[in-house]
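A quick write-up on the structure given underneath.
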Amino acid sequence: MLDVNEIRKDFPIFQRETKPGTRLIYLDSTATSQKPLLVIEAMDAYYRRSNANIHRGVHMLAEEATSLYEEARVKIARFINAPSAHQVIYTRNTTESINLVAYSWARANLKSGDLVILTEMEHHSNLVPWQILQAERGIELGFIPVTEDGLLDLDEYKTLLSRGPKLVSFTHMSNVLGTINPAAEIIRLAHEAGAVTLVDAAQSVPHLKVDVQALGTDFLAFSAHKMCGPTGIGVLYGKMELLEAMPPFLGGGDMIKEVKLRSFRTNALPYKFEAGTPAIAEAVGFGAAVDYLSSLGMDAIAAHEHEITEYALERLEEIPGVNVFGPSAQHKGGVAAFTLDGVHPHDVAQILDQDGIAVRAGHHCAQPLHEKFGLPATSRASFYLYNTKEEVDLLVSGIYKVKELFG
Amino acid sequence: MLDVNEIRKDFPIFQRETKPGTRLIYLDSTATSQKPLLVIEAMDAYYRRSNANIHRGVHMLAEEATSLYEEARVKIARFINAPSAHQVIYTRNTTESINLVAYSWARANLKSGDLVILTEMEHHSNLVPWQILQAERGIELGFIPVTEDGLLDLDEYKTLLSRGPKLVSFTHMSNVLGTINPAAEIIRLAHEAGAVTLVDAAQSVPHLKVDVQALGTDFLAFSAHKMCGPTGIGVLYGKMELLEAMPPFLGGGDMIKEVKLRSFRTNALPYKFEAGTPAIAEAVGFGAAVDYLSSLGMDAIAAHEHEITEYALERLEEIPGVNVFGPSAQHKGGVAAFTLDGVHPHDVAQILDQDGIAVRAGHHCAQPLHEKFGLPATSRASFYLYNTKEEVDLLVSGIYKVKELFG
Amino acid sequence: MDDLYREVIIEHYKHPGYRGHLDPHDVQFADSNPLCGDHIEITLRTDHQGHVADARFDGRGCAISQASADLLMEAIIGKPIEEIKQLNRQDILDMLGIDLGPVRLKCALLSLKVLKAGVYGLGEASDSLVE
Amino acid sequence: MDDLYREVIIEHYKHPGYRGHLDPHDVQFADSNPLCGDHIEITLRTDHQGHVADARFDGRGCAISQASADLLMEAIIGKPIEEIKQLNRQDILDMLGIDLGPVRLKCALLSLKVLKAGVYGLGEASDSLVE
Ligand SMILES: Cc1ncc(COP(=O)(O)O)c(C=O)c1O
Ligand SMILES: Cc1ncc(COP(=O)(O)O)c(C=O)c1O
């Protein structure tokens, strides 16, 4: 088990009071996680001691910076069990990772009428890139429906598969329902149908042990900022043969082997997809974040979150007028999106905020999913390694206060 | 005048020794600048106190983070005298900014046979995106030649303009020759010929007062990391009517106003081009960097660099066997790329490094320019606000040591 | 209990005085904030001197958006249309008596945006109307 | 004067013992490192027992790349081809007697990469040959 009281000491922000005497109850890690001191300090030290541009640099700082940047890549590769660090491409975030696949792989491989399968629970980041391609290329989009209890309808998925899709791109874990989808099975079925797979792992890599080889996925995308790391950096993992066959995306320094005035040759992986000066300090911070999570153990983190989530669902469902969306705790990560009868989610969030309780309100970048459930918005509390049952209790009392105010 | 001794105290890295007793002489700011403490601390404080995802967040941290992120944009807009902060789009770096124009504006506006004018002194970042488009679309590339003394041949430019180009994209200052190009005139002539302009300002915004309205350019691109700011963030500035007419580039959260399963509506500027969780801490650091530079005054910085550069050119040219490339100090920013007869630039850089002197060696991402001068590589010393004449003297003695070793 | 949810806001949210729809009307406009699903429709009648004779709002959304719409209707009845065109963000904040962060400000200003788009006879409501 | 530029490196750079081009030859291969313009060509003759009878390198580039090529030629003459296929990055570093950062390592390993691509009869020299 995690020693959460010790863990909380690693995060400087928990010393913060939102107003005198009110401590911060941070229940918004699904949007972005807080950062442990060692991540902040790794970047700090980088800027104070080793800052230089990487690659091609002969001087000591350039070599230090290059080593730090590449060591982080190796750590991240191990964290997701990638066969090689060359398959770990640094991007800005999950969104850019998915767009990279849409611009490079998909534009080279998809033509009018080709089917791309998504799900009804996707984040906008895994919808809009394909909608752009739909408008530009005439590809077709098919959606795995979400059932009333917030699961993917795998029978409908099989029907869609019979139409011969080229790509199946889906979220490993929903950032609204919390649903943990059966990724390995979805991928296996996709491969049987001859489709390539892309896993939006923005919510899974931070919270679960994710092994890309066990999953067998062709592509996988995630962001550092949701897993104790800095903003400004994310990863696209891909299978070697796919990445190698893909045309470059952004053009510029570092992604080339040789440039003439009118032509260029691309560099080897992963540099082929990393044009320009990358997020160097951020890579260093990302490496530290991965070290931190590994030192605690992803299984222990998942177990802790599961316990909190079970408790939170139990307590929230006791409150008259509260409806929590998504499946039961068994199929769910640490996310509780809910409504409170008669009170708008924005008002719920804002009143909770006055007691230092940070939850998010809105459509959480999953507007079609909200529309499906007939809701413009929900309030969402989410849990990570540093949250406690006591914080759940404070959330619950906060919701009672809201009820009273609007009663 | 700048008080350089005081300025050096603002940069923690200058306390570093590269080995016991050897202090760091950093002459590689053209690759990336060092960071003053207040920039490092701004990001540190962001992560320790205010870290949250931005926009759509109702709780206190989300509002703080949003304000910090947007205040930085306003500072940057003022720094380049943009009419509105909505015209300042955050990207990863100069390279991504140029690619954004190539993917969005150019793919919507250029067709086979259309002429794009570049120069022979471009960084790969302003070559490869257009070469990709050349291969994909059949656009034509024309190059303003570089004269023997490292200036653009404006007569040839006028000849190229008579062919009716659609775009003129050029570097404001060469990262190898140091040449400061007559940007306002190049832009005026381009506009007279009916072309749109893009200025690669990666080297100018950090070193000179750049006023986008005085220049009149349609687009302008630069990176934070070269101007005392963090890695992982850059800017594309654009004229409002162009940015508004452009289709989106990356799809995902934040760049949308509304999303349905099969369609979306784009958000207002600048968000239309900022998909996914952006580099929030980096924006905060960028804002602090701009504050820092503004407090010193860009004119004072430029004057200091000019003085150092004049001195460096004088001293370097005294050394038998040393050849400095590019124009005289009058047309030049703080860059001195040179060769030493009989010694490979890598060896020069590496031997200097052993005395703590950091210069870069290679083609500096300007391979066609090096090819033009018949060189595979040069050594490059570059100067910024924190460099001193004493450091130039140490560079010169270092080069004499190299000569001795290879004598 | 707390500053942001002053009694006046909760009161106007729970018991709005000007919720409804005028038919016939001289001005009608509706818009929504897709981010949170707030929706406001405003209908107005003017008299022959160019004053607002009556006004109603309809819609759904958070307390801030609905209360500010109600307060706004109350404030404009009897006022000349020309004066309404001058209303700005600060006027709304003064009516609500609170300070708001950027996200909630959008909720508070939705009704003013709708109102101004209506009286100017615009095709679309733009954020610049309330800046 | 300093570790990296040990006398042996400067010596082999300034006065290489094996610079040249063998004609006829049994093995020939050339490659360059576009980043710094280093270029190395290697030619070999083998005897009927499969040993290297003679070897030469030609090219241009930095002291590290040229000296390591010269040291490598010296080391392989008389050796069986099968043994040459086993040479790796550490062997080169041992010959040079120094430690190198990632950028200069490429310079040092260029000649080994060329040599191995040649003896394996490959069409292209790949970095994986020297990993
Ligand atoms: C003239 C010029 N353009 C573009 C770039 C690319 O900048 P970045 O690597 O930050 O994208 C550089 C940086 O080396 C440069 O000097
Ligand atoms: C499931 C899912 N996918 C994608 C994203 C986008 O991540 P980012 O904003 O870091 O690109 C998120 C983050 O909100 C998410 O929850």
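Following the order of the structure tokens, first chain is A, next is B, and so on, with residues numbered from 1 inside each chain and ligands from 1 in the order they appear.
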
Open item on the list: Show me which residues are within 10 Å of ligand 1 counting only C-alpha atoms and all ligand atoms, and format the list as number ranges by chain.
Closed with: A: 53, 251-254, 275-279; B: 29-32, 91-99, 121-127, 170-176, 178, 199-204, 221-226, 231-235, 364-366

Same residues, C-alpha atoms, saved as a short mmCIF file (atom, residue, chain, number, x, y, z; two decimals), in the first residue's frame:
```cif
data_model
loop_
_atom_site.label_atom_id
_atom_site.label_comp_id
_atom_site.auth_asym_id
_atom_site.auth_seq_id
_atom_site.Cartn_x
_atom_site.Cartn_y
_atom_site.Cartn_z
CA ASN A 53 20.92 22.84 -27.05
CA GLY A 251 10.15 19.75 -41.16
CA GLY A 252 13.20 21.46 -39.72
CA GLY A 253 16.40 21.01 -37.77
CA ASP A 254 17.19 17.63 -36.16
CA ALA A 275 11.82 18.89 -35.68
CA GLY A 276 13.48 21.89 -34.10
CA THR A 277 14.75 22.43 -30.59
CA PRO A 278 12.68 20.06 -28.48
CA ALA A 279 11.31 20.42 -24.96
CA SER B 29 23.65 31.48 -27.24
CA THR B 30 22.68 31.28 -30.87
CA ALA B 31 21.89 27.61 -30.25
CA THR B 32 20.15 28.39 -26.98
CA THR B 91 3.80 26.82 -30.49
CA ARG B 92 6.71 24.59 -29.43
CA ASN B 93 9.38 26.61 -31.21
CA THR B 94 10.21 28.56 -34.36
CA THR B 95 10.19 25.33 -36.32
CA GLU B 96 6.62 24.49 -35.38
CA SER B 97 5.55 28.07 -36.07
CA ILE B 98 6.86 27.85 -39.62
CA ASN B 99 5.30 24.42 -40.10
CA MET B 121 21.06 31.42 -45.80
CA GLU B 122 17.99 29.75 -44.31
CA HIS B 123 18.05 27.48 -41.31
CA HIS B 124 16.71 23.99 -42.10
CA SER B 125 13.54 24.99 -40.29
CA ASN B 126 12.74 27.42 -43.05
CA LEU B 127 13.74 25.04 -45.84
CA PHE B 170 13.28 34.56 -44.91
CA THR B 171 15.44 34.79 -41.87
CA HIS B 172 15.71 38.15 -40.16
CA MET B 173 19.19 37.28 -38.95
CA SER B 174 21.39 34.42 -40.10
CA ASN B 175 22.48 32.03 -37.36
CA VAL B 176 25.78 31.41 -39.18
CA GLY B 178 25.17 36.83 -38.40
CA VAL B 199 9.92 36.27 -41.04
CA ASP B 200 12.03 33.64 -39.27
CA ALA B 201 12.83 35.81 -36.28
CA ALA B 202 14.48 33.06 -34.19
CA GLN B 203 17.67 35.12 -34.07
CA SER B 204 16.28 38.64 -34.24
CA ALA B 221 8.14 33.11 -35.83
CA PHE B 222 10.44 32.85 -32.81
CA SER B 223 11.43 30.60 -29.87
CA ALA B 224 11.55 31.35 -26.14
CA HIS B 225 14.66 29.26 -25.48
CA LYS B 226 16.87 31.62 -27.48
CA THR B 231 12.49 25.19 -23.91
CA GLY B 232 9.21 23.86 -25.27
CA ILE B 233 7.56 27.13 -26.28
CA GLY B 234 7.64 29.48 -29.24
CA VAL B 235 5.34 31.89 -30.98
CA HIS B 364 24.46 24.78 -37.56
CA CYS B 365 21.37 23.53 -39.40
CA ALA B 366 22.34 25.56 -42.46
#
```

- [ ] Give me, as a PyMOL selection string, the contact residues of chain A against chain C at a cut-off of 10 Å, counting only C-alpha atoms.
- [x] chain A and resi 342-348+350-351+354-355+361-365+367+375-378+401+405-407

Go ahead and write the residues just picked, N, CA and C atoms, as a CSV table (one decimal), in the first residue's frame.
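Output below, filename again.csv:
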```
chain,number,residue,atom,x,y,z
A,342,GLY,N,-31.0,20.1,-9.9
A,342,GLY,CA,-31.4,21.5,-9.7
A,342,GLY,C,-30.2,22.5,-9.6
A,343,VAL,N,-29.0,22.0,-9.6
A,343,VAL,CA,-27.8,22.9,-9.5
A,343,VAL,C,-26.9,22.7,-10.7
A,344,HIS,N,-26.6,23.8,-11.4
A,344,HIS,CA,-25.7,23.6,-12.5
A,344,HIS,C,-24.3,23.2,-12.1
A,345,PRO,N,-23.6,22.3,-12.8
A,345,PRO,CA,-22.3,21.9,-12.5
A,345,PRO,C,-21.3,23.0,-12.2
A,346,HIS,N,-21.4,24.1,-12.9
A,346,HIS,CA,-20.5,25.2,-12.7
A,346,HIS,C,-20.7,25.8,-11.3
A,347,ASP,N,-21.9,25.8,-10.9
A,347,ASP,CA,-22.2,26.4,-9.5
A,347,ASP,C,-21.7,25.4,-8.5
A,348,VAL,N,-21.9,24.1,-8.7
A,348,VAL,CA,-21.3,23.1,-7.8
A,348,VAL,C,-19.8,23.3,-7.6
A,350,GLN,N,-18.0,25.9,-8.3
A,350,GLN,CA,-17.6,27.2,-7.8
A,350,GLN,C,-17.8,27.2,-6.3
A,351,ILE,N,-18.9,26.6,-5.8
A,351,ILE,CA,-19.1,26.7,-4.4
A,351,ILE,C,-18.2,25.8,-3.7
A,354,GLN,N,-14.9,27.5,-3.0
A,354,GLN,CA,-14.8,28.4,-1.9
A,354,GLN,C,-14.3,27.7,-0.6
A,355,ASP,N,-14.4,26.4,-0.6
A,355,ASP,CA,-13.9,25.6,0.5
A,355,ASP,C,-12.6,25.0,0.2
A,361,ALA,N,-15.8,21.5,-13.9
A,361,ALA,CA,-17.2,21.4,-14.4
A,361,ALA,C,-17.1,21.8,-15.8
A,362,GLY,N,-18.0,21.1,-16.6
A,362,GLY,CA,-18.0,21.4,-18.0
A,362,GLY,C,-18.3,20.1,-18.8
A,363,HIS,N,-17.9,20.1,-20.0
A,363,HIS,CA,-18.0,18.8,-20.8
A,363,HIS,C,-16.7,18.1,-20.9
A,364,HIS,N,-15.7,18.6,-20.2
A,364,HIS,CA,-14.4,17.8,-20.1
A,364,HIS,C,-13.9,17.4,-21.5
A,365,CYS,N,-14.1,18.2,-22.5
A,365,CYS,CA,-13.6,17.9,-23.8
A,365,CYS,C,-14.2,16.6,-24.3
A,367,GLN,N,-17.7,16.4,-25.5
A,367,GLN,CA,-19.0,17.0,-25.7
A,367,GLN,C,-20.0,15.9,-26.3
A,375,LEU,N,-26.8,15.8,-21.4
A,375,LEU,CA,-26.3,16.8,-20.4
A,375,LEU,C,-25.3,17.8,-21.1
A,376,PRO,N,-25.5,19.1,-20.8
A,376,PRO,CA,-24.5,20.0,-21.3
A,376,PRO,C,-23.2,19.9,-20.5
A,377,ALA,N,-23.3,19.5,-19.3
A,377,ALA,CA,-22.1,19.5,-18.4
A,377,ALA,C,-22.2,18.6,-17.2
A,378,THR,N,-21.1,18.3,-16.6
A,378,THR,CA,-21.1,17.5,-15.3
A,378,THR,C,-20.0,18.2,-14.5
A,401,LYS,N,-23.4,21.2,1.4
A,401,LYS,CA,-23.5,22.7,1.6
A,401,LYS,C,-24.1,23.3,0.3
A,405,LEU,N,-27.5,25.6,0.2
A,405,LEU,CA,-27.6,27.0,-0.4
A,405,LEU,C,-28.7,27.1,-1.5
A,406,PHE,N,-28.8,26.0,-2.3
A,406,PHE,CA,-29.8,26.1,-3.4
A,406,PHE,C,-31.1,25.5,-2.9
A,407,GLY,N,-31.2,25.0,-1.7
A,407,GLY,CA,-32.3,24.1,-1.2
A,407,GLY,C,-33.7,24.7,-1.4
```

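For the choices A:Ala82, A:Leu100, A:Val396, A:Val324, the atom-to-atom distance to ligand 2 is smallest for A:Leu100 when using only C-alpha atoms and all ligand atoms.
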
Contacts of Leu87 of chain D at 10 Å or less, counting only C-alpha atoms, minus same-chain residues fewer than 4 places along, as an mmCIF file with all heavy atoms, in the first residue's frame?
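Dumped to out.cif:
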```cif
data_model
loop_
_atom_site.group_PDB
_atom_site.id
_atom_site.type_symbol
_atom_site.label_atom_id
_atom_site.label_comp_id
_atom_site.auth_asym_id
_atom_site.auth_seq_id
_atom_site.Cartn_x
_atom_site.Cartn_y
_atom_site.Cartn_z
ATOM 1 N N LEU D 72 42.842 1.885 -36.633
ATOM 2 C CA LEU D 72 42.066 0.701 -36.990
ATOM 3 C C LEU D 72 42.778 -0.095 -38.077
ATOM 4 O O LEU D 72 42.855 -1.334 -38.003
ATOM 5 C CB LEU D 72 40.656 1.132 -37.442
ATOM 6 C CG LEU D 72 39.678 0.018 -37.810
ATOM 7 C CD1 LEU D 72 39.404 -0.895 -36.614
ATOM 8 C CD2 LEU D 72 38.351 0.602 -38.302
ATOM 9 N N ILE D 76 44.106 -4.099 -37.832
ATOM 10 C CA ILE D 76 43.464 -5.237 -38.510
ATOM 11 C C ILE D 76 44.407 -5.996 -39.443
ATOM 12 O O ILE D 76 44.093 -7.124 -39.834
ATOM 13 C CB ILE D 76 42.194 -4.802 -39.294
ATOM 14 C CG1 ILE D 76 42.539 -3.788 -40.389
ATOM 15 C CG2 ILE D 76 41.126 -4.276 -38.344
ATOM 16 C CD1 ILE D 76 41.370 -3.478 -41.314
ATOM 17 N N GLU D 82 36.990 -12.852 -40.029
ATOM 18 C CA GLU D 82 35.947 -13.205 -39.057
ATOM 19 C C GLU D 82 36.139 -12.450 -37.754
ATOM 20 O O GLU D 82 35.171 -12.096 -37.072
ATOM 21 C CB GLU D 82 35.923 -14.724 -38.807
ATOM 22 C CG GLU D 82 35.302 -15.508 -39.944
ATOM 23 C CD GLU D 82 34.005 -14.888 -40.450
ATOM 24 O OE1 GLU D 82 33.087 -14.658 -39.632
ATOM 25 O OE2 GLU D 82 33.913 -14.605 -41.670
ATOM 26 N N GLU D 83 37.385 -12.220 -37.409
ATOM 27 C CA GLU D 83 37.666 -11.497 -36.166
ATOM 28 C C GLU D 83 37.255 -10.019 -36.304
ATOM 29 O O GLU D 83 36.768 -9.395 -35.357
ATOM 30 C CB GLU D 83 39.166 -11.607 -35.869
ATOM 31 C CG GLU D 83 39.520 -11.457 -34.404
ATOM 32 C CD GLU D 83 40.987 -11.831 -34.170
ATOM 33 O OE1 GLU D 83 41.356 -13.013 -34.361
ATOM 34 O OE2 GLU D 83 41.752 -10.906 -33.841
ATOM 35 N N ASP D 91 36.348 -1.526 -28.669
ATOM 36 C CA ASP D 91 37.682 -1.741 -29.246
ATOM 37 C C ASP D 91 38.271 -0.424 -29.753
ATOM 38 O O ASP D 91 39.460 -0.150 -29.574
ATOM 39 C CB ASP D 91 37.599 -2.760 -30.393
ATOM 40 C CG ASP D 91 37.152 -4.133 -29.894
ATOM 41 O OD1 ASP D 91 37.695 -4.583 -28.871
ATOM 42 O OD2 ASP D 91 36.242 -4.724 -30.505
ATOM 43 N N ILE D 92 37.446 0.366 -30.389
ATOM 44 C CA ILE D 92 37.918 1.660 -30.913
ATOM 45 C C ILE D 92 38.314 2.581 -29.757
ATOM 46 O O ILE D 92 39.370 3.222 -29.773
ATOM 47 C CB ILE D 92 36.814 2.329 -31.763
ATOM 48 C CG1 ILE D 92 36.470 1.470 -32.976
ATOM 49 C CG2 ILE D 92 37.234 3.739 -32.189
ATOM 50 C CD1 ILE D 92 37.537 1.410 -34.035
ATOM 51 N N LEU D 112 35.096 2.303 -38.310
ATOM 52 C CA LEU D 112 34.667 0.924 -38.016
ATOM 53 C C LEU D 112 33.374 0.595 -38.759
ATOM 54 O O LEU D 112 33.196 -0.521 -39.277
ATOM 55 C CB LEU D 112 34.474 0.747 -36.503
ATOM 56 C CG LEU D 112 34.045 -0.656 -36.071
ATOM 57 C CD1 LEU D 112 35.094 -1.700 -36.458
ATOM 58 C CD2 LEU D 112 33.770 -0.720 -34.570
ATOM 59 N N LYS D 113 32.501 1.576 -38.825
ATOM 60 C CA LYS D 113 31.231 1.386 -39.530
ATOM 61 C C LYS D 113 31.513 1.078 -41.008
ATOM 62 O O LYS D 113 30.938 0.142 -41.589
ATOM 63 C CB LYS D 113 30.411 2.676 -39.393
ATOM 64 C CG LYS D 113 28.956 2.539 -39.632
ATOM 65 C CD LYS D 113 28.219 3.795 -39.154
ATOM 66 C CE LYS D 113 27.936 4.724 -40.298
ATOM 67 N NZ LYS D 113 27.131 5.900 -39.893
ATOM 68 N N LEU D 115 34.319 -0.053 -42.285
ATOM 69 C CA LEU D 115 35.016 -1.342 -42.381
ATOM 70 C C LEU D 115 34.032 -2.510 -42.319
ATOM 71 O O LEU D 115 34.074 -3.438 -43.132
ATOM 72 C CB LEU D 115 36.036 -1.444 -41.229
ATOM 73 C CG LEU D 115 36.792 -2.763 -41.112
ATOM 74 C CD1 LEU D 115 37.698 -2.977 -42.326
ATOM 75 C CD2 LEU D 115 37.626 -2.807 -39.820
ATOM 76 N N LYS D 116 33.128 -2.459 -41.349
ATOM 77 C CA LYS D 116 32.204 -3.580 -41.179
ATOM 78 C C LYS D 116 31.209 -3.678 -42.344
ATOM 79 O O LYS D 116 30.911 -4.769 -42.819
ATOM 80 C CB LYS D 116 31.484 -3.485 -39.829
ATOM 81 C CG LYS D 116 32.442 -3.792 -38.665
ATOM 82 C CD LYS D 116 31.772 -3.712 -37.309
ATOM 83 C CE LYS D 116 31.168 -5.024 -36.869
ATOM 84 N NZ LYS D 116 30.731 -4.982 -35.456
ATOM 85 N N LEU D 129 25.732 -1.276 -36.834
ATOM 86 C CA LEU D 129 26.965 -2.078 -36.959
ATOM 87 C C LEU D 129 27.935 -1.826 -35.817
ATOM 88 O O LEU D 129 28.808 -2.645 -35.553
ATOM 89 C CB LEU D 129 27.673 -1.736 -38.280
ATOM 90 C CG LEU D 129 27.006 -2.244 -39.557
ATOM 91 C CD1 LEU D 129 27.653 -1.601 -40.770
ATOM 92 C CD2 LEU D 129 27.132 -3.768 -39.635
ATOM 93 N N VAL D 130 27.833 -0.667 -35.203
ATOM 94 C CA VAL D 130 28.845 -0.292 -34.203
ATOM 95 C C VAL D 130 28.223 -0.072 -32.834
ATOM 96 O O VAL D 130 28.757 0.655 -32.004
ATOM 97 C CB VAL D 130 29.635 0.965 -34.646
ATOM 98 C CG1 VAL D 130 30.472 0.641 -35.874
ATOM 99 C CG2 VAL D 130 28.696 2.129 -34.941
#
```

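A straight line drawn from atom CA of Asp70 of chain D to atom CA of Pro102 of chain D is 20.9 Å long.
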
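Neighbouring residues of Met73 of chain D at 7 Å or closer, counting only C-alpha atoms and skipping chain neighbours under 6 positions away, are Tyr18, Ala55 and Arg56 of chain D.
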
Open item on the list: I need the alpha helix (DSSP H) residues of segment 209-254 of chain B per DSSP on the backbone, written as number ranges by chain.
Closed with: B: 212-215, 240-245

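Between atom CA of Leu96 of chain C and atom CA of Arg360 of chain A the interatomic distance comes to 23.2 Å.
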
- [ ] Would you list the contacts of segment 295-298 of chain A as an MDAnalysis selection string, taking every protein, DNA or RNA residue within 10 Å and counting only C-alpha atoms, but skipping same-chain residues closer than 6 positions in sequence?
- [x] chainID A and resid 1:3 7 79 205:210 289 304 385

Any chance you could export the current selection's C-alpha atoms as an mmCIF file, in the first residue's frame?
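again.cif, written as the output of this step:
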```cif
data_model
loop_
_atom_site.group_PDB
_atom_site.id
_atom_site.type_symbol
_atom_site.label_atom_id
_atom_site.label_comp_id
_atom_site.auth_asym_id
_atom_site.auth_seq_id
_atom_site.Cartn_x
_atom_site.Cartn_y
_atom_site.Cartn_z
ATOM 1 C CA MET A 1 0.000 0.000 0.000
ATOM 2 C CA LEU A 2 1.005 3.576 -0.588
ATOM 3 C CA ASP A 3 1.891 5.720 2.355
ATOM 4 C CA ILE A 7 3.557 10.986 -0.638
ATOM 5 C CA PHE A 79 8.077 2.498 -18.204
ATOM 6 C CA VAL A 205 -0.426 5.484 -18.535
ATOM 7 C CA PRO A 206 -0.613 7.802 -15.478
ATOM 8 C CA HIS A 207 -2.811 5.438 -13.497
ATOM 9 C CA LEU A 208 -2.267 1.837 -14.582
ATOM 10 C CA LYS A 209 0.618 -0.385 -15.536
ATOM 11 C CA VAL A 210 0.621 -0.102 -19.341
ATOM 12 C CA ALA A 289 8.306 11.763 -13.083
ATOM 13 C CA HIS A 304 -4.806 3.012 -3.930
ATOM 14 C CA LEU A 385 -1.911 8.805 -5.756
#
```

Task: For chain A, the nearest of the candidates B:Glu185, B:Glu71, B:Glu390, B:Glu274, counting only C-alpha atoms - done: B:Glu274
